[in-house]
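Student: So I've got this file, query.cif, and it contains mmCIF, C-alpha atoms:
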```cif
data_coords
loop_
_atom_site.label_atom_id
_atom_site.label_comp_id
_atom_site.auth_asym_id
_atom_site.auth_seq_id
_atom_site.Cartn_x
_atom_site.Cartn_y
_atom_site.Cartn_z
CA MET A 19 167.27 104.95 53.76
CA PHE A 20 168.48 101.64 55.16
CA GLY A 21 168.98 103.29 58.56
CA PHE A 22 165.42 104.62 58.50
CA ILE A 23 164.01 101.18 57.69
CA SER A 24 166.18 99.53 60.36
CA ILE A 25 164.96 101.84 63.13
CA LEU A 26 161.37 101.70 61.86
CA LEU A 27 161.30 97.88 61.90
CA ALA A 28 162.94 97.66 65.33
CA ALA A 29 160.61 100.27 66.86
CA PHE A 30 157.55 98.60 65.29
CA THR A 31 158.54 95.29 66.85
CA GLN A 32 159.09 96.94 70.24
CA GLY A 33 155.69 98.62 70.03
CA ILE A 34 153.87 95.33 69.48
CA THR A 35 155.74 92.93 71.74
CA GLY A 36 157.31 95.25 74.33
CA PHE A 37 160.81 94.02 73.47
CA GLY A 38 163.10 93.39 70.50
CA PHE A 39 164.27 96.89 69.56
CA ALA A 40 167.96 96.34 70.28
CA LEU A 41 167.86 92.71 69.12
CA ILE A 42 166.76 93.84 65.66
CA ALA A 43 168.40 97.27 65.43
CA VAL A 44 171.93 96.29 66.51
CA PRO A 45 172.53 93.59 63.84
CA LEU A 46 170.93 95.76 61.13
CA LEU A 47 172.87 98.92 62.03
CA SER A 48 176.11 96.93 62.22
CA LEU A 49 175.72 96.25 58.48
CA PHE A 50 176.52 99.88 57.64
CA ILE A 51 178.00 101.25 60.90
CA PRO A 52 181.16 99.17 61.41
CA GLU A 53 182.05 100.69 64.79
CA ILE A 54 180.02 99.00 67.56
CA ARG A 55 181.09 101.74 69.96
CA ASN A 56 178.98 104.14 67.90
CA ILE A 57 175.98 101.81 67.69
CA THR A 58 175.68 101.09 71.42
CA PRO A 59 174.93 104.67 72.60
CA ILE A 60 172.47 105.14 69.71
CA ILE A 61 170.61 101.99 70.72
CA VAL A 62 170.54 102.97 74.38
CA ILE A 63 169.11 106.43 73.60
CA TYR A 64 166.47 105.01 71.27
CA SER A 65 165.64 102.23 73.73
CA LEU A 66 165.07 104.82 76.45
CA LEU A 67 162.59 106.69 74.25
CA THR A 68 160.66 103.57 73.23
CA ASN A 69 160.57 102.32 76.82
CA ILE A 70 159.23 105.66 78.05
CA ILE A 71 156.40 105.56 75.49
CA ILE A 72 155.46 101.92 76.14
CA GLY A 73 156.00 102.27 79.89
CA TYR A 74 153.62 105.22 80.05
CA LYS A 75 150.96 103.29 78.16
CA SER A 76 151.24 100.27 80.49
CA ARG A 77 152.24 102.02 83.75
CA SER A 78 149.28 100.64 85.71
CA PHE A 79 150.65 97.08 85.33
CA ILE A 80 154.16 97.69 86.75
CA ASP A 81 155.10 95.19 89.47
CA LEU A 82 157.78 97.05 91.45
CA LYS A 83 158.43 94.12 93.80
CA ARG A 84 159.66 92.03 90.87
CA ILE A 85 161.49 94.65 88.87
CA ILE A 86 163.36 96.73 91.50
CA PRO A 87 165.90 93.95 92.34
CA LEU A 88 166.67 93.55 88.63
CA ILE A 89 167.19 97.29 88.27
CA ILE A 90 169.60 97.42 91.23
CA PHE A 91 171.81 94.62 89.94
CA GLY A 92 171.54 95.89 86.36
CA ILE A 93 172.82 99.33 87.39
CA ILE A 94 175.68 97.79 89.35
CA ALA A 95 176.92 95.87 86.30
CA THR A 96 176.41 98.57 83.64
CA PRO A 97 179.73 100.43 84.34
CA ILE A 98 181.60 97.13 83.95
CA GLY A 99 179.89 96.62 80.60
CA THR A 100 180.92 100.14 79.55
CA TYR A 101 184.53 99.29 80.40
CA LEU A 102 184.26 96.22 78.14
CA LEU A 103 182.88 98.45 75.37
CA LEU A 104 186.00 100.62 75.56
CA MET A 105 188.48 97.74 75.87
CA PHE A 106 187.20 94.91 73.63
CA LYS A 107 187.83 94.59 69.90
CA VAL A 108 184.88 95.48 67.66
CA SER A 109 184.84 91.94 66.22
CA THR A 110 184.62 90.45 69.72
CA LEU A 111 181.61 92.61 70.56
CA LYS A 112 179.92 91.66 67.27
CA ILE A 113 180.42 87.96 68.03
CA ILE A 114 178.91 88.47 71.50
CA ILE A 115 175.94 90.31 69.96
CA GLY A 116 175.39 87.53 67.42
CA LEU A 117 175.55 84.79 70.03
CA VAL A 118 173.30 86.57 72.55
CA THR A 119 170.75 87.38 69.85
CA SER A 120 170.68 83.84 68.43
CA ILE A 121 170.55 82.08 71.81
CA THR A 122 167.75 84.38 72.98
CA ALA A 123 165.70 83.71 69.86
CA LEU A 124 166.24 79.95 70.06
CA SER A 125 165.30 79.84 73.75
CA MET A 126 162.11 81.80 73.10
CA PHE A 127 161.20 79.70 70.06
CA LYS A 128 161.64 76.45 71.99
CA ASN A 129 159.79 77.96 74.97
CA PHE A 130 162.71 76.85 77.15
CA LYS A 131 161.86 76.85 80.86
CA ILE A 132 163.89 76.46 84.06
CA ASN A 133 162.33 75.46 87.37
CA ILE A 134 163.38 78.33 89.65
CA LYS A 135 162.90 77.76 93.37
CA ASN A 136 164.85 80.72 94.78
CA GLN A 137 163.92 83.75 92.67
CA ASN A 138 166.07 86.16 94.70
CA ILE A 139 169.31 84.54 93.48
CA TYR A 140 168.17 84.68 89.87
CA TYR A 141 167.15 88.33 90.19
CA GLY A 142 170.81 89.08 90.92
CA ILE A 143 172.20 86.86 88.15
CA VAL A 144 169.79 88.16 85.51
CA GLY A 145 170.31 91.78 86.55
CA LEU A 146 174.11 91.46 86.41
CA LEU A 147 174.08 89.80 82.98
CA SER A 148 171.68 92.42 81.65
CA GLY A 149 173.80 95.27 83.01
CA LEU A 150 176.96 93.88 81.41
CA LEU A 151 175.22 93.58 78.04
CA ASN A 152 173.62 97.02 78.40
CA GLY A 153 176.92 98.80 78.98
CA SER A 154 178.85 96.92 76.30
CA THR A 155 176.39 96.28 73.45
CA GLY A 156 173.08 97.99 74.32
CA LEU A 157 171.41 94.57 74.52
CA SER A 158 170.07 94.72 78.06
CA GLY A 159 166.80 92.96 77.24
CA PRO A 160 167.59 89.29 76.48
CA PRO A 161 168.31 88.06 80.05
CA VAL A 162 165.29 89.92 81.46
CA VAL A 163 163.00 88.80 78.62
CA LEU A 164 163.98 85.16 79.15
CA PHE A 165 163.58 85.45 82.92
CA LEU A 166 160.13 87.07 82.79
CA THR A 167 159.00 84.59 80.12
CA ASN A 168 160.32 81.69 82.21
CA GLN A 169 158.25 82.93 85.16
CA ASN A 170 155.06 82.98 83.03
CA THR A 171 154.63 86.69 83.62
CA ASP A 172 151.29 88.11 82.47
CA LYS A 173 151.54 89.88 79.08
CA ASP A 174 150.64 93.33 80.39
CA VAL A 175 152.90 93.01 83.44
CA PHE A 176 155.65 91.70 81.15
CA ARG A 177 155.50 94.78 78.91
CA ALA A 178 155.26 97.19 81.84
CA ASN A 179 158.09 95.65 83.89
CA LEU A 180 160.39 95.35 80.89
CA SER A 181 159.80 98.98 79.94
CA PHE A 182 160.30 100.26 83.49
CA TYR A 183 163.51 98.23 83.79
CA GLY A 184 164.71 99.61 80.47
CA ILE A 185 164.04 103.21 81.49
CA ALA A 186 166.08 102.89 84.69
CA THR A 187 169.06 101.07 83.17
CA ASN A 188 169.08 103.17 79.97
CA ILE A 189 169.21 106.44 81.92
CA PHE A 190 172.11 105.15 83.99
CA ALA A 191 173.96 103.93 80.89
CA ILE A 192 173.50 107.27 79.14
CA ILE A 193 174.97 109.11 82.13
CA ILE A 194 178.03 106.85 82.02
CA PHE A 195 178.37 107.27 78.24
CA ILE A 196 178.32 111.06 78.63
CA VAL A 197 180.96 110.96 81.37
CA GLU A 198 183.18 108.66 79.28
CA GLY A 199 182.73 110.78 76.16
CA ILE A 200 181.07 107.94 74.25
CA ILE A 201 178.07 110.11 73.36
CA ASN A 202 179.24 112.89 71.05
CA THR A 203 177.86 115.25 68.40
CA SER A 204 177.85 112.65 65.61
CA ILE A 205 175.91 110.21 67.83
CA LEU A 206 173.32 112.86 68.65
CA ASN A 207 173.02 113.87 64.97
CA PHE A 208 172.36 110.28 63.93
CA THR A 209 169.83 109.88 66.72
CA ALA A 210 167.98 113.04 65.67
CA LEU A 211 168.06 112.06 61.98
CA TYR A 212 166.14 108.82 62.46
CA LEU A 213 163.93 109.93 65.33
CA PRO A 214 160.86 110.16 63.03
CA ALA A 215 161.35 106.47 62.10
CA LEU A 216 161.46 105.56 65.80
CA MET A 217 158.27 107.47 66.64
CA LEU A 218 156.40 106.18 63.58
CA GLY A 219 157.44 102.60 64.29
CA VAL A 220 156.68 102.47 68.00
CA PHE A 221 153.29 104.20 67.82
CA THR A 222 152.24 102.09 64.82
CA GLY A 223 153.37 98.99 66.71
CA ILE A 224 151.38 99.91 69.81
CA LYS A 225 148.27 100.55 67.70
CA THR A 226 148.75 97.35 65.71
CA SER A 227 149.19 95.28 68.88
CA THR A 228 145.48 95.64 69.61
CA LYS A 229 144.49 94.30 66.18
CA ILE A 230 146.97 91.53 65.41
CA ASN A 231 147.37 88.04 66.84
CA GLU A 232 150.39 88.69 69.04
CA SER A 233 151.43 85.02 69.20
CA ILE A 234 151.75 84.86 65.41
CA PHE A 235 153.71 88.08 65.21
CA ARG A 236 155.88 86.90 68.09
CA LYS A 237 156.91 83.84 66.07
CA ILE A 238 157.77 86.02 63.07
CA THR A 239 159.76 88.36 65.30
CA ILE A 240 161.69 85.52 66.90
CA GLY A 241 162.54 84.13 63.46
CA LEU A 242 163.81 87.52 62.29
CA ILE A 243 165.85 88.00 65.46
CA ALA A 244 167.42 84.55 65.04
CA LEU A 245 168.29 85.26 61.39
CA LEU A 246 169.90 88.61 62.19
CA GLY A 247 171.84 87.18 65.12
CA PHE A 248 173.14 84.27 63.07
CA TYR A 249 174.15 86.60 60.23
CA THR A 250 176.01 88.95 62.59
CA PHE A 251 177.86 86.06 64.20
CA MET A 252 178.80 84.24 60.99
CA SER A 253 179.74 87.36 59.00
CA THR A 254 182.09 88.48 61.78
CA ILE A 255 183.69 85.03 62.09
CA LEU A 256 184.20 84.82 58.32
CA ALA A 257 185.64 88.33 58.20
CA GLU A 258 188.13 87.44 60.93
CA VAL A 259 189.16 84.22 59.14
CA LEU A 260 189.38 85.67 55.62
CA PHE A 261 190.85 89.06 56.43
#
```
Go through the file and emit its structure as structure tokens.
Tutor:
Amino acid sequence: MFGFISILLAAFTQGITGFGFALIAVPLLSLFIPEIRNITPIIVIYSLLTNIIIGYKSRSFIDLKRIIPLIIFGIIATPIGTYLLLMFKVSTLKIIIGLVTSITALSMFKNFKINIKNQNIYYGIVGLLSGLLNGSTGLSGPPVVLFLTNQNTDKDVFRANLSFYGIATNIFAIIIFIVEGIINTSILNFTALYLPALMLGVFTGIKTSTKINESIFRKITIGLIALLGFYTFMSTILAEVLF
């Protein structure tokens, strides 16, 4: 039941804002799935599905000139992230997830901006960071979300570009996971079990997005993301110290 609610909440958030699925789902799933190596492929598969749905709905707003460079660098870094997934301790990955989630939420809440003069350099940096996180934790979104927000990207273009980027990098990550044997029968069974929650959440979110004040919901979402990130980080640190 908790798994159903976790996926439903994450998918609902993704449907409304165009991002946030992994940021919410990873910390929640880590509460009852201790092995991060099992969570990452689940998140990537679910993220692909949500991105396909949202991307199809907003396909007319995709700005290929902006998103293609990010995709290229993201794909380059994803295999390195997968190597980190196989080599790092579970506690280390949880700490990374907690920090990335919390910092992302704080940056968005404070509306932190950087004056970027040469976008081409930042396309590479953001793409590489996103690829590393995608392969290791399934959290490919935070660097791209912050970058697009920093550039004052139009809401519809933001959702479309983020979804298109997610589709490309998720597909590549899934291929690597299959080759490395990270995706197995138990992963696919879990994914199938909570697929109804994903579909219900994302379609309800998309429908609700036309009726709700998105800025208000965005603040609630950021607060929830920050809380989950902080909990994941602190609980892992305390577990390492006490046990």
Student: Hey, what's within 10 Å of Ile86 of chain A if we count only C-alpha atoms and toss same-chain stuff fewer than 2 positions away? As a PyMOL selection string, please?
Tutor: chain A and resi 81-84+88-92+141+145+179+182-183+186
Student: The PyMOL selection byres ((chain A and resi 113-130) around 6) on the file shown: which residues, as a list in words?
Tutor: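 Those residues are Thr110, Leu111, Lys112, Lys131, Ile240, Ala244, Gly247, Phe248, Thr250 and Phe251 of chain A.
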Student: Can you list what the PyMOL selection byres ((chain A and resi 59-72) around 9) grabs from this structure, as a VMD selection string?
Tutor: chain A and resid 25 29 32 to 33 36 to 37 39 to 40 43 to 44 55 to 58 73 to 77 152 to 153 155 to 157 177 to 178 180 to 189 191 to 192 195 200 to 201 205 to 206 208 to 209 213 216 to 217 220 to 221 224
Student: Would you kindly return, as a ChimeraX atom specification, each protein, DNA or RNA residue with an atom no farther than 12 Å from any atom of Thr226 of chain A, considering only C-alpha atoms and excluding same-chain residues fewer than 6 positions away?
Tutor: /A:30-35,218-220,232,235
Student: Return the single residue from A:Ser24, A:Ser48, A:Asn136, A:Thr171 that is closest to Ile80 of chain A, with distances computed using only C-alpha atoms.
Tutor: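 Smallest distance to Ile80 of chain A is found for A:Thr171.
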Student: Using all atoms listed in the file, can you tell me which of A:Ser158, A:Ser204, A:Ser253, A:Thr222 comes closest to Ala95 of chain A?
Tutor: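 Comparing A:Ser158, A:Ser204, A:Ser253, A:Thr222 against Ala95 of chain A, the winner is A:Ser158.
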Student: Between atom CA of Leu102 of chain A and atom CA of Leu151 of chain A, measure the distance and give it in Å to one decimal.
Tutor: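 So the two atoms, atom CA of Leu102 of chain A and atom CA of Leu151 of chain A, lie 9.4 Å apart.
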Student: With the PyMOL selection byres ((chain A and resi 96) around 6) as the selection, what would be picked from this file? Answer as JSON, numbers by chain, please.
Tutor: {"A": [93, 94, 95, 97, 98, 99, 149, 150, 153]}
Student: Hey, can you check how far atom CA of Val175 of chain A sits from atom CA of Phe79 of chain A?
Tutor: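 One can read the atom CA of Val175 of chain A to atom CA of Phe79 of chain A distance as 5.0 Å.
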Student: Distance atom CA of Phe20 of chain A-atom CA of Leu47 of chain A, one decimal place?
Tutor: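 Between these atoms lies a distance of 8.6 Å.
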Student: With 7 Å as the threshold, what does the neighbourhood of (161.8, 91.1, 66.6) contain in terms of residues, counting only C-alpha atoms? Coordinates are those of the file; answer as an mmCIF file with C-alpha atoms, keeping the file's coordinate frame.
Tutor:
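The resulting out.cif:
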```cif
data_model
loop_
_atom_site.group_PDB
_atom_site.id
_atom_site.type_symbol
_atom_site.label_atom_id
_atom_site.label_comp_id
_atom_site.auth_asym_id
_atom_site.auth_seq_id
_atom_site.Cartn_x
_atom_site.Cartn_y
_atom_site.Cartn_z
ATOM 1 C CA ALA A 28 162.940 97.660 65.330
ATOM 2 C CA THR A 31 158.540 95.290 66.850
ATOM 3 C CA GLY A 38 163.100 93.390 70.500
ATOM 4 C CA PHE A 39 164.270 96.890 69.560
ATOM 5 C CA LEU A 41 167.860 92.710 69.120
ATOM 6 C CA ILE A 42 166.760 93.840 65.660
ATOM 7 C CA THR A 239 159.760 88.360 65.300
ATOM 8 C CA ILE A 240 161.690 85.520 66.900
ATOM 9 C CA LEU A 242 163.810 87.520 62.290
ATOM 10 C CA ILE A 243 165.850 88.000 65.460
#
```
Student: Rank nothing, just name the residue among A:Leu256, A:Ile230, A:Thr100, A:Asn133 nearest to Val197 of chain A, using all atoms listed in the file.
Tutor: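 Counting all atoms listed in the file, the residue closest to Val197 of chain A is A:Thr100.
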Student: Smallest atom-to-atom distance to Leu104 of chain A: which of A:Ser154, A:Asn202, A:Asn168, A:Ser148, using only C-alpha atoms?
Tutor: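 Smallest distance to Leu104 of chain A is found for A:Ser154.
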